[in-house]
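Engineer: Contents of final32.cif (mmCIF, C-alpha atoms) are below:
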data_final
#
loop_
_atom_site.label_atom_id
_atom_site.label_comp_id
_atom_site.auth_asym_id
_atom_site.auth_seq_id
_atom_site.Cartn_x
_atom_site.Cartn_y
_atom_site.Cartn_z
CA MET A 1 26.98 -3.63 -40.52
CA GLN A 2 23.73 -1.79 -41.18
CA THR A 3 21.84 -4.01 -38.74
CA SER A 4 24.39 -3.27 -36.02
CA LEU A 5 24.10 0.49 -36.70
CA THR A 6 20.29 0.33 -36.62
CA ARG A 7 20.46 -1.60 -33.33
CA SER A 8 22.80 1.01 -31.80
CA ILE A 9 20.55 3.87 -32.88
CA GLY A 10 17.56 1.96 -31.50
CA SER A 11 19.30 1.48 -28.13
CA ILE A 12 20.27 5.15 -27.95
CA LEU A 13 16.67 6.17 -28.77
CA ILE A 14 15.27 3.86 -26.06
CA VAL A 15 17.71 5.19 -23.43
CA GLY A 16 16.92 8.77 -24.49
CA ALA A 17 13.17 8.16 -24.30
CA LEU A 18 13.60 6.59 -20.87
CA ALA A 19 15.66 9.54 -19.61
CA ALA A 20 13.08 11.99 -21.01
CA ALA A 21 10.24 10.04 -19.33
CA ILE A 22 12.09 10.08 -15.99
CA ALA A 23 12.69 13.84 -16.31
CA VAL A 24 8.99 14.45 -17.05
CA PHE A 25 7.86 12.24 -14.17
CA ASN A 26 10.12 14.18 -11.80
CA LEU A 27 8.22 17.40 -12.55
CA PRO A 28 6.20 18.15 -9.38
CA PHE A 29 2.79 18.11 -11.07
CA PHE A 30 3.25 14.74 -12.84
CA ASN A 31 5.15 13.24 -9.93
CA GLU A 32 2.53 14.10 -7.32
CA SER A 33 -0.50 13.06 -9.42
CA LEU A 34 1.19 9.84 -10.47
CA ARG A 35 2.22 8.89 -6.93
CA ASN A 36 -1.18 9.82 -5.49
CA SER A 37 -2.96 7.61 -8.05
CA PHE A 38 -0.52 4.75 -7.48
CA TYR A 39 -0.82 4.96 -3.70
CA SER A 40 -4.64 5.16 -3.93
CA ALA A 41 -4.69 1.93 -5.93
CA ALA A 42 -2.24 0.14 -3.64
CA ALA A 43 -3.34 1.53 -0.25
CA PRO A 44 -6.12 -0.95 0.63
CA LEU A 45 -3.75 -3.90 0.11
CA GLN A 46 -0.83 -2.13 1.75
CA ARG A 47 -2.81 -1.28 4.85
CA GLY A 48 -3.73 -4.94 5.33
CA VAL A 49 -0.14 -6.06 4.81
CA TRP A 50 1.17 -3.38 7.22
CA VAL A 51 -1.21 -4.48 9.98
CA ALA A 52 -0.28 -8.13 9.36
CA GLY A 53 3.41 -7.15 9.60
CA ALA A 54 2.83 -5.32 12.87
CA GLN A 55 1.01 -8.32 14.33
CA ALA A 56 3.65 -10.76 13.13
CA SER A 57 6.40 -8.52 14.50
CA GLY A 58 4.68 -8.47 17.88
CA PHE A 59 4.40 -12.26 17.79
CA PHE A 60 8.06 -12.84 16.93
CA SER A 61 9.41 -10.22 19.32
CA SER A 62 8.03 -12.34 22.17
CA PHE A 63 10.58 -15.02 21.18
CA ALA A 64 13.35 -12.43 21.37
CA ARG A 65 12.25 -11.53 24.90
CA ALA A 66 12.19 -15.12 26.09
CA ASN A 67 13.63 -14.30 29.54
CA THR A 68 10.48 -12.41 30.48
CA ALA A 69 8.21 -14.89 28.76
CA GLY A 70 6.32 -15.91 31.90
CA VAL A 71 5.13 -12.44 32.86
CA GLU A 72 4.58 -11.51 29.27
CA ASN A 73 2.55 -14.63 28.66
CA GLU A 74 0.30 -13.76 31.57
CA ASN A 75 -0.13 -10.20 30.30
CA LEU A 76 -0.82 -11.46 26.82
CA ARG A 77 -3.46 -13.88 28.07
CA LYS A 78 -5.22 -11.03 29.84
CA ARG A 79 -4.92 -8.97 26.70
CA VAL A 80 -6.30 -11.74 24.51
CA THR A 81 -9.28 -12.17 26.82
CA GLU A 82 -9.87 -8.45 26.86
CA LEU A 83 -9.59 -8.14 23.11
CA THR A 84 -11.82 -11.12 22.44
CA ALA A 85 -14.53 -9.58 24.60
CA ARG A 86 -14.08 -6.25 22.90
CA ALA A 87 -14.08 -7.75 19.42
CA ALA A 88 -17.41 -9.43 20.11
CA LEU A 89 -19.00 -6.15 21.12
CA MET A 90 -17.48 -3.61 18.85
CA GLU A 91 -17.10 -3.04 15.17
CA GLU A 92 -14.21 -1.32 13.44
CA VAL A 93 -15.75 2.15 13.59
CA LYS A 94 -16.43 1.87 17.30
CA ARG A 95 -12.85 0.81 17.94
CA GLU A 96 -11.51 3.78 16.01
CA ASN A 97 -13.70 6.10 18.08
CA ASP A 98 -12.30 4.66 21.31
CA PHE A 99 -8.80 5.12 20.02
CA LEU A 100 -9.56 8.76 19.19
CA ARG A 101 -11.21 9.38 22.55
CA GLN A 102 -8.21 7.96 24.37
CA SER A 103 -5.93 10.31 22.52
CA LEU A 104 -8.10 13.38 23.01
CA ASN A 105 -7.81 12.82 26.76
CA LEU A 106 -4.20 13.86 26.41
CA ASP A 107 -3.38 17.52 27.09
CA LEU A 108 -2.31 17.79 23.49
CA GLY A 109 -5.94 17.88 22.42
CA LYS A 110 -6.35 21.32 24.01
CA GLU A 111 -3.60 22.90 21.96
CA TYR A 112 -3.66 20.73 18.86
CA ASP A 113 -6.16 19.32 16.43
CA LEU A 114 -5.20 15.67 16.20
CA LYS A 115 -5.85 13.84 12.95
CA MET A 116 -5.57 10.10 13.06
CA ALA A 117 -3.77 8.44 10.14
CA ASP A 118 -2.98 4.85 9.22
CA ILE A 119 0.56 3.89 8.29
CA ILE A 120 0.55 2.07 4.97
CA GLY A 121 4.24 1.68 4.17
CA LYS A 122 7.85 2.73 4.53
CA LEU A 123 9.73 4.25 1.62
CA VAL A 124 12.58 2.21 0.15
CA SER A 125 16.02 3.14 1.58
CA GLU A 126 14.59 6.18 3.41
CA ASP A 127 13.54 6.79 7.02
CA ARG A 128 10.12 7.91 5.85
CA LEU A 129 6.64 6.51 6.33
CA LEU A 130 3.64 6.77 4.06
CA ILE A 131 0.33 7.62 5.76
CA ASN A 132 -3.20 7.77 4.38
CA LYS A 133 -4.00 11.46 5.02
CA GLY A 134 -3.15 14.23 2.57
CA SER A 135 -3.98 17.76 1.49
CA ARG A 136 -7.67 16.85 1.18
CA ASP A 137 -7.59 16.23 4.95
CA LEU A 138 -5.89 19.63 5.46
CA VAL A 139 -2.50 18.09 6.17
CA GLU A 140 0.42 20.43 5.50
CA ALA A 141 4.17 19.93 5.28
CA GLY A 142 5.95 20.53 8.59
CA MET A 143 3.15 19.29 10.86
CA PRO A 144 4.45 17.12 13.73
CA VAL A 145 3.46 13.46 13.83
CA ILE A 146 3.07 11.64 17.15
CA THR A 147 1.68 8.41 18.61
CA SER A 148 -1.24 7.97 21.02
CA GLU A 149 1.36 7.32 23.76
CA LYS A 150 2.75 10.86 23.25
CA ALA A 151 5.92 9.69 21.50
CA ALA A 152 7.51 11.81 18.77
CA VAL A 153 7.44 10.12 15.36
CA GLY A 154 8.52 12.79 12.87
CA LYS A 155 7.08 15.52 10.70
CA VAL A 156 5.10 15.63 7.48
CA SER A 157 7.63 16.20 4.72
CA LYS A 158 5.59 15.84 1.53
CA VAL A 159 1.87 16.03 0.95
CA TYR A 160 -0.16 14.44 -1.85
CA ASP A 161 -3.93 14.66 -2.30
CA ASN A 162 -4.77 11.62 -0.19
CA PHE A 163 -1.40 10.62 1.26
CA SER A 164 1.61 12.15 2.99
CA GLU A 165 5.21 11.23 3.57
CA VAL A 166 6.39 11.47 7.18
CA GLU A 167 10.09 12.07 7.74
CA LEU A 168 10.98 10.07 10.86
CA ILE A 169 13.08 11.56 13.64
CA THR A 170 15.71 8.99 12.63
CA GLY A 171 16.14 10.60 9.18
CA LYS A 172 19.67 11.91 8.66
CA SER A 173 18.49 15.45 7.92
CA PHE A 174 16.19 15.61 10.96
CA SER A 175 17.25 17.52 14.10
CA PHE A 176 15.30 19.12 16.93
CA ASP A 177 15.82 20.43 20.47
CA VAL A 178 15.30 18.09 23.40
CA LYS A 179 15.51 18.03 27.19
CA ILE A 180 17.26 15.15 28.94
CA GLY A 181 16.44 13.65 32.33
CA ASP A 182 14.80 15.23 35.37
CA ALA A 183 17.27 18.15 35.30
CA GLY A 184 16.09 19.07 31.82
CA VAL A 185 19.56 19.25 30.26
CA ASP A 186 19.37 20.80 26.79
CA GLY A 187 20.55 18.87 23.76
CA LEU A 188 20.02 18.51 20.05
CA ALA A 189 18.53 15.24 18.84
CA ARG A 190 19.70 14.15 15.41
CA GLY A 191 18.61 11.31 13.17
CA ARG A 192 21.43 8.90 12.34
CA GLY A 193 19.62 6.93 9.62
CA GLU A 194 18.52 3.29 9.57
CA MET A 195 16.01 3.83 12.38
CA SER A 196 18.48 5.17 14.93
CA ALA A 197 18.97 8.59 16.53
CA GLY A 198 21.26 10.29 19.00
CA VAL A 199 21.57 13.45 21.01
CA ASP A 200 24.45 15.90 20.46
CA LEU A 201 25.59 19.30 21.73
CA VAL A 202 25.02 18.41 25.37
CA PRO A 203 27.28 20.61 27.55
CA LYS A 204 30.07 18.50 29.08
CA ASP A 205 29.57 19.92 32.58
CA LYS A 206 25.99 18.57 32.68
CA GLU A 207 25.52 14.97 33.74
CA ILE A 208 23.45 12.63 31.65
CA ARG A 209 23.15 8.91 32.31
CA GLY A 210 21.94 5.84 30.49
CA GLY A 211 18.20 5.46 31.06
CA ASP A 212 17.47 9.21 31.29
CA VAL A 213 14.26 10.10 29.49
CA VAL A 214 14.63 12.34 26.44
CA THR A 215 11.67 14.63 25.76
CA THR A 216 10.95 17.24 23.11
CA SER A 217 11.41 20.92 23.80
CA ARG A 218 9.25 23.73 22.46
CA MET A 219 12.39 25.61 21.44
CA GLY A 220 12.92 23.61 18.26
CA GLY A 221 9.58 24.72 16.84
CA ILE A 222 8.75 21.30 15.39
CA PHE A 223 7.17 19.37 18.25
CA PRO A 224 5.07 20.41 21.25
CA ALA A 225 7.03 20.29 24.51
CA GLY A 226 7.04 17.13 26.62
CA LEU A 227 6.68 14.40 24.01
CA VAL A 228 8.76 11.32 24.70
CA VAL A 229 11.60 10.72 22.26
CA GLY A 230 13.18 7.78 24.09
CA ARG A 231 15.85 6.94 26.66
CA VAL A 232 19.56 7.68 26.69
CA LYS A 233 21.49 4.52 25.77
CA ASP A 234 25.26 5.07 25.51
CA VAL A 235 26.90 8.34 26.54
CA THR A 236 30.04 9.39 24.65
CA LYS A 237 32.28 11.88 26.43
CA ASN A 238 35.93 12.67 25.78
CA ASP A 239 38.43 15.35 26.78
CA VAL A 240 38.97 16.68 23.28
CA GLU A 241 35.41 17.63 22.43
CA THR A 242 33.45 20.48 23.96
CA PHE A 243 30.16 18.62 24.06
CA GLN A 244 29.07 15.12 24.94
CA SER A 245 26.72 12.99 22.90
CA ALA A 246 24.60 9.88 23.38
CA SER A 247 22.58 7.40 21.40
CA ILE A 248 18.84 7.14 22.03
CA GLU A 249 16.68 4.07 22.48
CA LEU A 250 13.61 5.36 20.69
CA ALA A 251 10.11 5.27 22.15
CA PHE A 252 8.59 4.92 18.69
CA GLY A 253 9.40 1.82 16.71
CA ILE A 254 8.02 0.69 13.39
CA GLY A 255 7.72 -2.86 14.72
CA THR A 256 4.20 -2.80 16.09
CA ALA A 257 3.04 0.70 15.10
CA SER A 258 0.04 0.96 12.82
CA ARG A 259 -1.52 4.37 13.56
CA VAL A 260 -0.19 7.85 14.21
CA PHE A 261 -1.60 11.34 14.83
CA ILE A 262 -0.86 14.48 12.87
CA ALA A 263 -0.89 17.44 15.25
CA ASN A 264 -2.14 20.72 13.85
CA GLU A 265 -1.53 23.68 16.16
CA LYS A 266 -4.79 25.44 17.04
CA TYR A 267 -3.26 28.74 18.08
CA PRO A 268 0.02 29.11 16.22
CA GLY A 269 2.70 31.72 16.94
CA ILE A 270 2.18 34.60 19.35
CA LEU A 271 -1.37 33.64 20.19
CA GLN A 272 -0.11 30.30 21.52
CA ALA A 273 2.37 32.03 23.82
CA ALA A 274 -0.30 34.45 25.09
CA LEU A 275 -2.95 31.80 25.67
CA PRO A 276 -1.84 30.50 29.11
CA GLU A 277 -1.73 34.09 30.42
CA ALA A 278 -5.16 34.83 29.03
CA LYS A 279 -6.53 31.66 30.64
CA LYS A 280 -5.19 32.71 34.06
CA LYS A 281 -6.96 36.06 33.85
CA MET B 1 0.71 -11.75 -22.48
CA SER B 2 2.55 -14.99 -21.84
CA ARG B 3 2.14 -16.99 -18.66
CA LYS B 4 5.76 -16.30 -17.72
CA SER B 5 5.24 -12.52 -17.94
CA LEU B 6 2.12 -12.76 -15.82
CA VAL B 7 3.96 -14.78 -13.16
CA ILE B 8 6.79 -12.22 -13.12
CA ILE B 9 4.38 -9.28 -12.81
CA LEU B 10 2.42 -10.89 -9.97
CA THR B 11 5.64 -11.89 -8.19
CA LEU B 12 7.02 -8.36 -8.42
CA VAL B 13 3.78 -6.79 -7.17
CA PHE B 14 3.62 -9.27 -4.29
CA LEU B 15 7.26 -8.66 -3.35
CA ALA B 16 6.79 -4.89 -3.61
CA LEU B 17 3.94 -5.10 -1.11
CA ALA B 18 6.10 -7.21 1.19
CA GLN B 19 9.05 -4.83 0.79
CA ILE B 20 7.09 -1.65 1.53
CA SER B 21 4.57 -2.79 4.11
CA PHE B 22 5.73 -6.05 5.69
CA ALA B 23 9.54 -6.17 5.79
CA PRO B 24 10.06 -2.81 7.59
CA HIS B 25 8.67 -4.41 10.75
CA PHE B 26 11.51 -6.90 10.82
CA ILE B 27 14.56 -5.92 8.81
CA VAL B 28 16.66 -2.87 9.60
CA GLY B 29 20.19 -2.16 8.47
CA TRP B 30 22.19 -0.42 5.75
CA TRP B 31 22.14 -3.53 3.58
CA PHE B 32 18.34 -3.58 3.64
CA ALA B 33 18.31 -0.10 2.11
CA TRP B 34 20.04 -1.22 -1.07
CA PHE B 35 19.45 -4.95 -1.35
CA ASN B 36 15.74 -5.55 -1.41
CA LEU B 37 13.26 -8.26 -2.23
CA ILE B 38 12.53 -6.98 -5.75
CA ASP B 39 16.19 -7.13 -6.83
CA VAL B 40 16.30 -10.89 -6.44
CA PRO B 41 13.72 -12.06 -9.04
CA VAL B 42 14.80 -9.42 -11.54
CA LEU B 43 18.44 -10.53 -11.38
CA VAL B 44 17.48 -14.22 -11.38
CA VAL B 45 15.35 -13.76 -14.52
CA ALA B 46 18.16 -11.81 -16.22
CA LEU B 47 20.63 -14.58 -15.36
CA LEU B 48 18.53 -17.59 -16.31
CA GLU B 49 16.50 -16.52 -19.35
CA LYS B 50 17.54 -17.35 -22.89
CA ARG B 51 19.75 -14.71 -24.47
CA LYS B 52 17.25 -13.74 -27.16
CA ASN B 53 14.47 -13.19 -24.57
CA ASN B 54 13.63 -9.78 -23.15
CA LEU B 55 11.81 -10.76 -19.98
CA GLY B 56 14.75 -9.57 -17.84
CA TRP B 57 14.46 -6.07 -19.32
CA ALA B 58 10.72 -6.00 -18.71
CA ALA B 59 11.16 -7.20 -15.13
CA ALA B 60 13.88 -4.59 -14.50
CA PHE B 61 11.65 -1.86 -15.93
CA LEU B 62 8.61 -2.86 -13.88
CA GLY B 63 10.60 -3.52 -10.69
CA GLY B 64 12.43 -0.20 -11.07
CA ILE B 65 9.20 1.74 -11.53
CA ILE B 66 7.56 0.10 -8.52
CA LEU B 67 10.58 0.86 -6.29
CA ASP B 68 10.76 4.43 -7.62
CA MET B 69 7.15 4.99 -6.62
CA TYR B 70 8.28 4.44 -3.03
CA SER B 71 11.51 6.43 -3.20
CA ALA B 72 12.25 10.11 -2.80
CA HIS B 73 13.55 10.56 -6.36
CA PHE B 74 11.86 9.01 -9.36
CA GLY B 75 14.26 7.25 -11.73
CA MET B 76 17.05 6.12 -9.41
CA TRP B 77 15.88 2.52 -8.99
CA LEU B 78 14.85 2.27 -12.65
CA ALA B 79 18.40 3.21 -13.65
CA ILE B 80 19.92 0.78 -11.12
CA MET B 81 17.71 -2.12 -12.23
CA VAL B 82 18.08 -1.55 -15.98
CA GLY B 83 21.83 -0.95 -15.50
CA SER B 84 22.20 -4.19 -13.52
CA VAL B 85 20.35 -6.22 -16.17
CA ALA B 86 22.42 -4.57 -18.93
CA PHE B 87 25.60 -5.47 -17.04
CA ILE B 88 24.51 -9.10 -16.53
CA LYS B 89 23.49 -9.46 -20.18
CA PHE B 90 26.78 -7.96 -21.32
CA ILE B 91 28.85 -10.28 -19.13
CA LEU B 92 26.82 -13.33 -20.17
CA LYS B 93 27.08 -12.45 -23.85
CA LYS B 94 30.79 -11.71 -23.87
CA TYR B 95 32.34 -14.03 -21.33
CA VAL B 96 30.00 -16.70 -20.00
CA SER B 97 28.25 -19.68 -21.42
CA ILE B 98 25.74 -21.28 -19.09
CA PRO B 99 22.73 -23.49 -19.74
CA SER B 100 19.44 -21.56 -19.87
CA PHE B 101 16.27 -22.82 -18.21
CA TRP B 102 13.67 -20.26 -19.37
#
Could you write out this structure as structure tokens?
Structural biologist:
Amino acid sequence: MQTSLTRSIGSILIVGALAAAIAVFNLPFFNESLRNSFYSAAAPLQRGVWVAGAQASGFFSSFARANTAGVENENLRKRVTELTARAALMEEVKRENDFLRQSLNLDLGKEYDLKMADIIGKLVSEDRLLINKGSRDLVEAGMPVITSEKAAVGKVSKVYDNFSEVELITGKSFSFDVKIGDAGVDGLARGRGEMSAGVDLVPKDKEIRGGDVVTTSRMGGIFPAGLVVGRVKDVTKNDVETFQSASIELAFGIGTASRVFIANEKYPGILQAALPEAKKK
Amino acid sequence: MSRKSLVIILTLVFLALAQISFAPHFIVGWWFAWFNLIDVPVLVVALLEKRKNNLGWAAAFLGGIILDMYSAHFGMWLAIMVGSVAFIKFILKKYVSIPSFW
């Protein structure tokens, strides 16, 4: 009887201690320091595993695209030759510099400071990535994240000392203004979770078709204008609803991605709007 | 530390790495969000270990903490893992009699 009572009290104490520990670890200060230390310890391994995953994904996706295997094989052979030659000449630092230079050739470099970051993981059951740049690299929450091909990835949602979480555009709470097709039809892109997104609030009298390119609009205030979001996939239109909607085939996919850029606006706010006028004068 | 514990720890760390940095390239879907690679060994240990052993609890605790480190809210996975092991242990103790291998 006494043993059973002691065991029950012991169990209650353990559960209580666990709950208290969880509460303490959820305090911002403890939470952020703990996560930053944990990520710092795991990052070197994670980075290697992420790159291996990206390479393996690229390898296996060629099986999925078997109908275009001939052309793809030819392209891949050229690529292998090119990469072998490059690998012989360059070291890792040199390659990173080339990658940076390529990205700075984009117009974005004039308006934005671009910080390159490596993806090291994806959070469990969330549409969020973990990247290896944090507050020590002057990263702030809300900064847009893009790829070197000018595709929208998401925005920085949480910043640690050496790492940041990036909320992907597929996150359920993520929405931003977009333009669709050559006509520039306005719409609101929304994350639908599980790496998918769609566009809503498109006026029914405007025509959008499958294959139309979806680009970011400056109006939303998150991304610079003109970044590629993806292509319209399936358009949903019915007589009852005022607006039409569509799903998007995203330009950014986790599959083979390994690096992203954090864009920091050089001339935020009013100064940004006035800059083109000043340049003309 | 026993050899079994060491094997469990290394397995969980390895699977955590695969879950966070390797699997996202391949697996997408609602089921992937909730059923992950770390669940499997924890539940297997809880099912197969001898009743007096506590390795299942330790595995649930470690697995839960690792998953929580890569989740938005700390504590959710720990509660799910420990709760699952508690449920399995309860069912095994009250209603099931199976041979144990560990």
Engineer: Write out as a CSV table (one decimal) with C-alpha atoms, keeping the file's coordinate frame which residues come within 6 Å of segment 155-169 of chain A when counting all atoms listed in the file, dropping same-chain ones fewer than 2 positions away.
Structural biologist:
chain,number,residue,atom,x,y,z
A,36,ASN,CA,-1.2,9.8,-5.5
A,127,ASP,CA,13.5,6.8,7.0
A,128,ARG,CA,10.1,7.9,5.8
A,129,LEU,CA,6.6,6.5,6.3
A,130,LEU,CA,3.6,6.8,4.1
A,131,ILE,CA,0.3,7.6,5.8
A,132,ASN,CA,-3.2,7.8,4.4
A,133,LYS,CA,-4.0,11.5,5.0
A,134,GLY,CA,-3.2,14.2,2.6
A,135,SER,CA,-4.0,17.8,1.5
A,136,ARG,CA,-7.7,16.8,1.2
A,141,ALA,CA,4.2,19.9,5.3
A,142,GLY,CA,6.0,20.5,8.6
A,143,MET,CA,3.2,19.3,10.9
A,144,PRO,CA,4.4,17.1,13.7
A,145,VAL,CA,3.5,13.5,13.8
A,153,VAL,CA,7.4,10.1,15.4
A,171,GLY,CA,16.1,10.6,9.2
A,174,PHE,CA,16.2,15.6,11.0
A,191,GLY,CA,18.6,11.3,13.2
Engineer: Please evaluate the PyMOL selection byres ((chain A and resi 250) around 6) against the displayed coordinates and give the resulting residues as a list in words.
Structural biologist: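 Written out, the selection comes to Val229, Gly230, Ile248, Glu249, Ala251 and Phe252 of chain A.
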Engineer: Considering only C-alpha atoms, extract the chain B residues located within 6 Å of chain A and return them as a ChimeraX atom specification.
Structural biologist: /B:20-22,25,29,33,70-71,74-75
Engineer: Would you write out, as a list of chain:residue names, every residue that the PyMOL selection byres ((chain A and resi 204-221) around 7) captures in this file?
Structural biologist: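 Selection result, ordered by chain and number: A:Phe176, A:Asp177, A:Val178, A:Lys179, A:Ile180, A:Gly181, A:Val185, A:Val202, A:Pro203, A:Ile222, A:Phe223, A:Pro224, A:Ala225, A:Gly226, A:Leu227, A:Val228, A:Val229, A:Gly230, A:Arg231, A:Val232, A:Lys233, A:Asp234, A:Val235, A:Thr242, A:Phe243, A:Gln244.
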Engineer: One number please: atom CA of Val42 of chain B to atom CA of Met81 of chain B, in Å, one decimal.
Structural biologist: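 Atom-to-atom, atom CA of Val42 of chain B and atom CA of Met81 of chain B are spaced 7.9 Å apart.
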Engineer: One decimal, in Å: what's the spacing between atom CA of Ser84 of chain B and atom CA of Ala46 of chain B?
Structural biologist: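 Taking atom CA of Ser84 of chain B and atom CA of Ala46 of chain B, their separation equals 9.0 Å.
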Engineer: State, in Å with one decimal place, the distance from atom CA of Phe30 of chain A to atom CA of Ser173 of chain A.
Structural biologist: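 Taking atom CA of Phe30 of chain A as the start and atom CA of Ser173 of chain A as the end point, the length is 25.8 Å.
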